[in-house]
Every structure is written in structure tokens, then in C-alpha cells.
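Shown next: work.tsv, given as TSV, C-alpha atoms.
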```tsv
chain	number	residue	atom	x	y	z
A	28	MET	CA	0.50	-23.68	13.58
A	29	GLU	CA	4.29	-23.58	13.53
A	30	LEU	CA	5.77	-20.80	11.42
A	31	LYS	CA	9.00	-20.98	9.43
A	32	LEU	CA	10.69	-17.65	10.01
A	33	ASP	CA	13.51	-16.25	7.90
A	34	SER	CA	16.98	-15.46	9.26
A	35	ASN	CA	15.62	-12.16	10.63
A	36	GLY	CA	12.72	-13.88	12.40
A	37	LEU	CA	10.21	-12.57	9.89
A	38	LEU	CA	7.63	-13.75	7.37
A	39	PRO	CA	6.73	-11.87	4.18
A	40	ALA	CA	3.04	-10.90	4.21
A	41	ILE	CA	1.22	-10.23	0.95
A	42	ILE	CA	-1.70	-7.80	1.23
A	43	GLN	CA	-4.48	-8.28	-1.30
A	44	ASP	CA	-7.61	-6.16	-1.72
A	45	ASP	CA	-10.45	-8.38	-0.57
A	46	LYS	CA	-12.94	-6.94	-3.07
A	47	THR	CA	-10.92	-6.31	-6.24
A	48	GLY	CA	-8.22	-8.96	-5.78
A	49	GLU	CA	-5.54	-6.36	-6.49
A	50	VAL	CA	-2.22	-7.05	-4.78
A	51	LEU	CA	-1.56	-3.92	-2.73
A	52	MET	CA	1.78	-4.38	-0.98
A	53	LEU	CA	4.20	-6.76	0.65
A	54	GLY	CA	5.27	-6.23	4.24
A	55	TYR	CA	6.99	-8.31	6.89
A	56	MET	CA	5.55	-9.75	10.10
A	57	ASN	CA	7.15	-11.26	13.15
A	58	PRO	CA	5.08	-13.70	15.24
A	59	GLU	CA	3.89	-10.86	17.47
A	60	SER	CA	2.64	-8.73	14.59
A	61	LEU	CA	0.86	-11.76	13.12
A	62	LYS	CA	-0.79	-12.36	16.49
A	63	LEU	CA	-1.84	-8.70	16.72
A	64	THR	CA	-3.19	-8.87	13.15
A	65	LEU	CA	-5.28	-11.94	13.93
A	66	GLU	CA	-6.53	-10.60	17.26
A	67	SER	CA	-7.22	-6.98	16.32
A	68	GLY	CA	-8.57	-7.51	12.82
A	69	GLU	CA	-6.20	-4.82	11.51
A	70	VAL	CA	-2.84	-5.41	9.84
A	71	TRP	CA	0.30	-5.06	11.93
A	72	PHE	CA	3.73	-5.42	10.33
A	73	TYR	CA	7.25	-5.43	11.68
A	74	SER	CA	9.17	-2.51	10.22
A	75	ARG	CA	12.61	-3.70	9.11
A	76	SER	CA	13.95	-0.13	8.84
A	77	ARG	CA	12.63	1.06	12.20
A	78	GLN	CA	12.99	-2.36	13.87
A	79	GLU	CA	9.63	-2.10	15.59
A	80	LEU	CA	6.02	-3.20	15.39
A	81	TRP	CA	4.13	-1.15	12.81
A	82	HIS	CA	0.37	-0.73	12.97
A	83	LYS	CA	-0.26	0.01	9.29
A	84	GLY	CA	-2.21	3.26	8.92
A	85	ALA	CA	-2.07	4.22	12.59
A	86	THR	CA	-0.70	7.64	11.59
A	87	SER	CA	-2.17	8.10	8.11
A	88	GLY	CA	-5.54	6.56	8.87
A	89	ASN	CA	-5.07	4.22	5.92
A	90	ARG	CA	-5.52	1.09	7.98
A	91	LEU	CA	-6.00	-2.39	6.58
A	92	MET	CA	-9.06	-4.22	7.90
A	93	VAL	CA	-8.47	-7.97	7.87
A	94	LYS	CA	-10.95	-10.13	5.96
A	95	GLY	CA	-8.96	-13.36	5.94
A	96	VAL	CA	-5.45	-14.70	6.55
A	97	TRP	CA	-3.77	-17.72	4.96
A	98	LEU	CA	-0.44	-19.45	5.47
A	99	ASP	CA	1.33	-21.05	2.53
A	100	CYS	CA	2.37	-24.69	2.18
A	101	ASP	CA	5.86	-24.05	3.59
A	102	ARG	CA	4.49	-21.96	6.50
A	103	ASP	CA	6.91	-19.18	5.59
A	104	THR	CA	4.60	-16.68	3.86
A	105	VAL	CA	1.30	-15.06	4.82
A	106	LEU	CA	-1.50	-13.83	2.57
A	107	VAL	CA	-3.88	-11.27	4.03
A	108	LYS	CA	-7.07	-10.26	2.27
A	109	ALA	CA	-8.03	-6.86	3.54
A	110	GLU	CA	-10.08	-3.76	3.00
A	111	ALA	CA	-7.89	-0.68	2.72
A	112	MET	CA	-9.17	2.51	4.40
A	113	GLY	CA	-7.13	4.60	1.93
A	114	PRO	CA	-4.15	4.43	-0.44
A	115	VAL	CA	-1.80	1.71	0.76
A	116	CYS	CA	1.38	3.09	-0.79
A	117	HIS	CA	3.36	5.95	0.76
A	118	THR	CA	3.40	7.53	-2.73
A	119	GLY	CA	-0.39	7.90	-2.59
A	120	ASN	CA	-0.96	5.12	-5.11
A	121	PRO	CA	-3.68	2.63	-4.21
A	122	THR	CA	-1.12	-0.18	-4.71
A	123	CYS	CA	2.67	-0.28	-4.30
A	124	PHE	CA	2.94	-2.23	-7.58
A	125	PHE	CA	2.53	0.59	-10.09
A	126	GLN	CA	5.80	0.32	-12.02
A	127	PRO	CA	5.47	-2.11	-14.95
A	128	LEU	CA	8.54	-4.09	-15.98
A	129	ALA	CA	6.76	-5.91	-18.77
A	130	LYS	CA	3.61	-4.85	-20.49
A	131	GLU	CA	0.37	-6.69	-19.97
A	132	PRO	CA	-0.56	-7.95	-23.42
A	133	GLY	CA	-3.99	-7.45	-24.89
B	3	MET	CA	15.55	0.09	-13.20
B	4	GLU	CA	17.71	-0.39	-10.11
B	5	LEU	CA	16.60	-3.18	-7.82
B	6	LYS	CA	16.91	-3.22	-4.03
B	7	LEU	CA	18.04	-6.73	-3.20
B	8	ASP	CA	17.86	-8.31	0.26
B	9	SER	CA	20.93	-9.50	2.19
B	10	ASN	CA	20.91	-12.70	0.12
B	11	GLY	CA	20.79	-10.79	-3.17
B	12	LEU	CA	17.16	-11.73	-3.77
B	13	LEU	CA	13.74	-10.18	-4.28
B	14	PRO	CA	10.46	-11.79	-3.20
B	15	ALA	CA	8.23	-12.41	-6.23
B	16	ILE	CA	4.47	-12.73	-5.79
B	17	ILE	CA	2.75	-14.87	-8.41
B	18	GLN	CA	-0.87	-13.98	-9.13
B	19	ASP	CA	-3.24	-15.76	-11.50
B	20	ASP	CA	-3.79	-13.32	-14.36
B	21	LYS	CA	-7.39	-14.38	-14.94
B	22	THR	CA	-8.82	-15.05	-11.47
B	23	GLY	CA	-6.61	-12.70	-9.43
B	24	GLU	CA	-5.85	-15.53	-7.00
B	25	VAL	CA	-2.46	-15.26	-5.31
B	26	LEU	CA	-0.73	-18.54	-6.16
B	27	MET	CA	2.67	-18.51	-4.49
B	28	LEU	CA	5.65	-16.46	-3.39
B	29	GLY	CA	9.10	-17.28	-4.69
B	30	TYR	CA	12.45	-15.50	-4.78
B	31	MET	CA	14.31	-14.09	-7.75
B	32	ASN	CA	17.85	-12.88	-8.21
B	33	PRO	CA	18.55	-10.36	-10.99
B	34	GLU	CA	19.38	-13.17	-13.42
B	35	SER	CA	16.11	-15.03	-12.82
B	36	LEU	CA	14.17	-11.78	-13.22
B	37	LYS	CA	15.97	-11.18	-16.51
B	38	LEU	CA	15.19	-14.72	-17.68
B	39	THR	CA	11.55	-14.24	-16.63
B	40	LEU	CA	11.24	-11.02	-18.63
B	41	GLU	CA	13.06	-12.38	-21.66
B	42	SER	CA	11.54	-15.88	-21.86
B	43	GLY	CA	7.98	-15.04	-20.83
B	44	GLU	CA	8.07	-17.88	-18.29
B	45	VAL	CA	8.74	-17.55	-14.57
B	46	TRP	CA	12.24	-18.32	-13.30
B	47	PHE	CA	13.00	-18.22	-9.58
B	48	TYR	CA	16.16	-18.62	-7.57
B	49	SER	CA	15.84	-21.63	-5.29
B	50	ARG	CA	17.09	-20.74	-1.82
B	51	SER	CA	17.32	-24.39	-0.76
B	52	ARG	CA	19.13	-25.61	-3.88
B	53	GLN	CA	21.01	-22.32	-4.41
B	54	GLU	CA	20.38	-22.37	-8.14
B	55	LEU	CA	18.21	-20.90	-10.86
B	56	TRP	CA	14.81	-22.62	-10.96
B	57	HIS	CA	12.68	-22.67	-14.08
B	58	LYS	CA	9.29	-23.17	-12.45
B	59	GLY	CA	7.53	-26.18	-13.95
B	60	ALA	CA	10.47	-27.33	-16.07
B	61	THR	CA	10.13	-30.80	-14.54
B	62	SER	CA	6.41	-30.95	-13.67
B	63	GLY	CA	5.22	-29.13	-16.76
B	64	ASN	CA	3.34	-26.70	-14.51
B	65	ARG	CA	5.05	-23.66	-15.95
B	66	LEU	CA	3.98	-20.08	-15.33
B	67	MET	CA	3.42	-18.02	-18.48
B	68	VAL	CA	4.10	-14.34	-17.79
B	69	LYS	CA	1.33	-11.86	-18.54
B	70	GLY	CA	2.81	-8.85	-16.76
B	71	VAL	CA	5.49	-7.90	-14.26
B	72	TRP	CA	5.50	-4.99	-11.79
B	73	LEU	CA	8.04	-3.64	-9.34
B	74	ASP	CA	6.88	-2.07	-6.10
B	75	CYS	CA	7.56	1.48	-4.89
B	76	ASP	CA	10.67	0.41	-2.94
B	77	ARG	CA	12.00	-1.65	-5.87
B	78	ASP	CA	12.43	-4.63	-3.54
B	79	THR	CA	9.43	-6.79	-4.48
B	80	VAL	CA	8.11	-8.13	-7.79
B	81	LEU	CA	4.53	-8.95	-8.76
B	82	VAL	CA	4.06	-11.34	-11.68
B	83	LYS	CA	0.67	-11.94	-13.24
B	84	ALA	CA	0.79	-15.29	-14.94
B	85	GLU	CA	-1.17	-18.13	-16.42
B	86	ALA	CA	-0.41	-21.41	-14.66
B	87	MET	CA	-0.12	-24.53	-16.83
B	88	GLY	CA	-1.13	-26.67	-13.83
B	89	PRO	CA	-1.25	-26.68	-10.02
B	90	VAL	CA	1.36	-24.28	-8.70
B	91	CYS	CA	1.85	-25.89	-5.30
B	92	HIS	CA	3.99	-28.99	-4.76
B	93	THR	CA	1.03	-30.39	-2.74
B	94	GLY	CA	-1.10	-30.38	-5.89
B	95	ASN	CA	-3.19	-27.45	-4.72
B	96	PRO	CA	-3.82	-24.73	-7.32
B	97	THR	CA	-2.44	-22.19	-4.81
B	98	CYS	CA	0.13	-22.49	-2.02
B	99	PHE	CA	-2.15	-20.42	0.27
B	100	PHE	CA	-4.68	-23.05	1.28
B	101	GLN	CA	-4.28	-23.00	5.08
B	102	PRO	CA	-6.60	-20.43	6.67
B	103	LEU	CA	-5.43	-18.70	9.85
B	104	ALA	CA	-8.54	-16.57	10.19
B	105	LYS	CA	-11.88	-17.21	8.64
B	106	GLU	CA	-13.17	-15.07	5.85
B	107	PRO	CA	-16.34	-13.52	7.27
B	108	GLY	CA	-19.62	-13.51	5.39
```
Take the structure I supplied and represent it as C-alpha cells, if you would.
Amino acid sequence: MELKLDSNGLLPAIIQDDKTGEVLMLGYMNPESLKLTLESGEVWFYSRSRQELWHKGATSGNRLMVKGVWLDCDRDTVLVKAEAMGPVCHTGNPTCFFQPLAKEPG
Amino acid sequence: MELKLDSNGLLPAIIQDDKTGEVLMLGYMNPESLKLTLESGEVWFYSRSRQELWHKGATSGNRLMVKGVWLDCDRDTVLVKAEAMGPVCHTGNPTCFFQPLAKEPG
């Protein structure tokens, strides 16, 4: 399926906890990291800061085991449902989205 | 809170159904659309193709009512939990992520 890459040749990839539905992080993939993700069953990103393929959790052990991958209608964004082997965020939080900008009512 | 904008002055914004946890779409916000989103309680994006503020659902009626907004650890991505007033995708699908790239096992 043809991908629509951004000006840097990347796609944003949303990582969602397969069991709880919690959105864990957003990373970026190039076609090669998407291919590696689909083939290996573990999430690979492309690190924009380091400009290299990034096997998430290869160092920390907090890998992301792929449960399903979807492309959006525009073919420019990926959704990965995954099981996290540990905290996804470099801060140690289970999710990167821990700073509220507006309170959840009720 | 200081935002880390991309080279186009934008932040990716993940929209998640507040009730089901389903990831519905990914759009882009500039600081003004984020401000409008927080103030109005409805999701505003910045349309990259039209280069203008985009009040999601203003035409279709399929607006997104904000239930909570989070910023990620890097301050470069937004997560919005929302209630959708109708199908989010321009195809009529409830979610933009309807094309599987890898099958969900089990």
C-alpha cells in the first residue's frame, strides 16, 4: 500500500496499549522502520534527533510487541496497537501523555 | 506551558474517543488552534492543505467535543479525548484507521 510521507520522509506512528486502549506515545517511522515493525513484530521508529533507525526498547528492555497495525485514510499516519514490556516514556511514566492541559470532567 | 512546534509551526494532535478509547484520527494544530480547542471545548485543527484554521465538523456537523487534553513529555504532541458528534473520517468511517497492515492476532 502506497504511503504518503511527510517532507522528511516520515510518518507519525501512534502507539496504543492493546489491552487498556491507553495512548502511550507518538513516534515517527520511515518506510524501513515500518517494514521492520511489520516483519519483526516489535516496534521500530526512525529517530529524528539521532537520524537513525530506533528499535524501541532495545537498550531499556521496554520493547513494544506489535498486536496490530493500521494505516489511516490518507495513508500518512500509522496506528500500532502493542503490548509494552515496561514504561514507554523516558521519564518512567507508563505513557508520554501525563501532562493535562484541560481537566477531564466528571 | 511551552510547546515544541515542528518546522511548520505545528503539533500533531491525536484524537481518541473518550468513551471507547478508539483512536479516531490525527490532525495538526498550531498554537492558535490549540488555544481555540481549550477555550471553546471543541476541536480546532490547522489544515495543512488549506493553510487555515479548521473547526472540525463546522460544515458536516461532526464536531469533536473536548473531554480532556494532554501534552506529551517532549511537549511536541497533543492527545485529545473527545466525544464525536458523528463519523470522524471523510470516508464516513467512525475512525480514520480502518486499513489494517497487520492482522490483530487472536
Contacts of Lys6 (chain B) at 12 Å or less, counting all atoms listed in the file, minus same-chain residues fewer than 5 places along, as a compact mmCIF listing (two decimals) with C-alpha atoms, keeping the file's coordinate frame?
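Dumped everything to out-v5.txt:
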```txt
# COMPACT_ATOMS: atom_id res chain seq x y z
CA GLY B 11 20.79 -10.79 -3.17
CA LEU B 12 17.16 -11.73 -3.77
CA LEU B 13 13.74 -10.18 -4.28
CA PRO B 14 10.46 -11.79 -3.20
CA MET B 31 14.31 -14.09 -7.75
CA ASN B 32 17.85 -12.88 -8.21
CA PRO B 33 18.55 -10.36 -10.99
CA LEU B 73 8.04 -3.64 -9.34
CA ASP B 74 6.88 -2.07 -6.10
CA CYS B 75 7.56 1.48 -4.89
CA ASP B 76 10.67 0.41 -2.94
CA ARG B 77 12.00 -1.65 -5.87
CA ASP B 78 12.43 -4.63 -3.54
CA THR B 79 9.43 -6.79 -4.48
CA VAL B 80 8.11 -8.13 -7.79
```
Only residues of chain A matter here; which ones have an atom within 9 Å of chain B, counting all atoms listed in the file? Give them as a PyMOL selection string. chain A and resi 28+39+41+43+47-50+52-53+65+93-102+104-106+108+116-118+122-132
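Summary of the local environment: counting all atoms listed in the file, residues at most 7 Å from Phe47 (chain B), other than itself and those fewer than 5 positions away along its chain, are Gly29, Tyr30, Met31, Ser35, Leu55, Trp56, His57 and Lys58 of chain B.
Pairwise distance (CA of Val115 (chain A), CA of Asn89 (chain A)) equals 6.6 Å.
CA of Leu91 (chain A) is positioned 5.5 Å from CA of Glu69 (chain A).
If you look at CA of Glu79 (chain A) and CA of Glu29 (chain A), they are 22.2 Å away from each other.
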Write out as a count of residues only the residues lying within 9 Å of Arg65 (chain B), counting all atoms listed in the file and excluding same-chain residues fewer than 2 positions away. 15
Exercise on region 66-73 of chain B, axis-aligned box with 4 Å per side, report centre and edge lengths in Å to one decimal, as JSON:
```
{"center_x": 4.7, "center_y": -11.9, "center_z": -13.9, "size_x": 14.7, "size_y": 24.4, "size_z": 17.2}
```
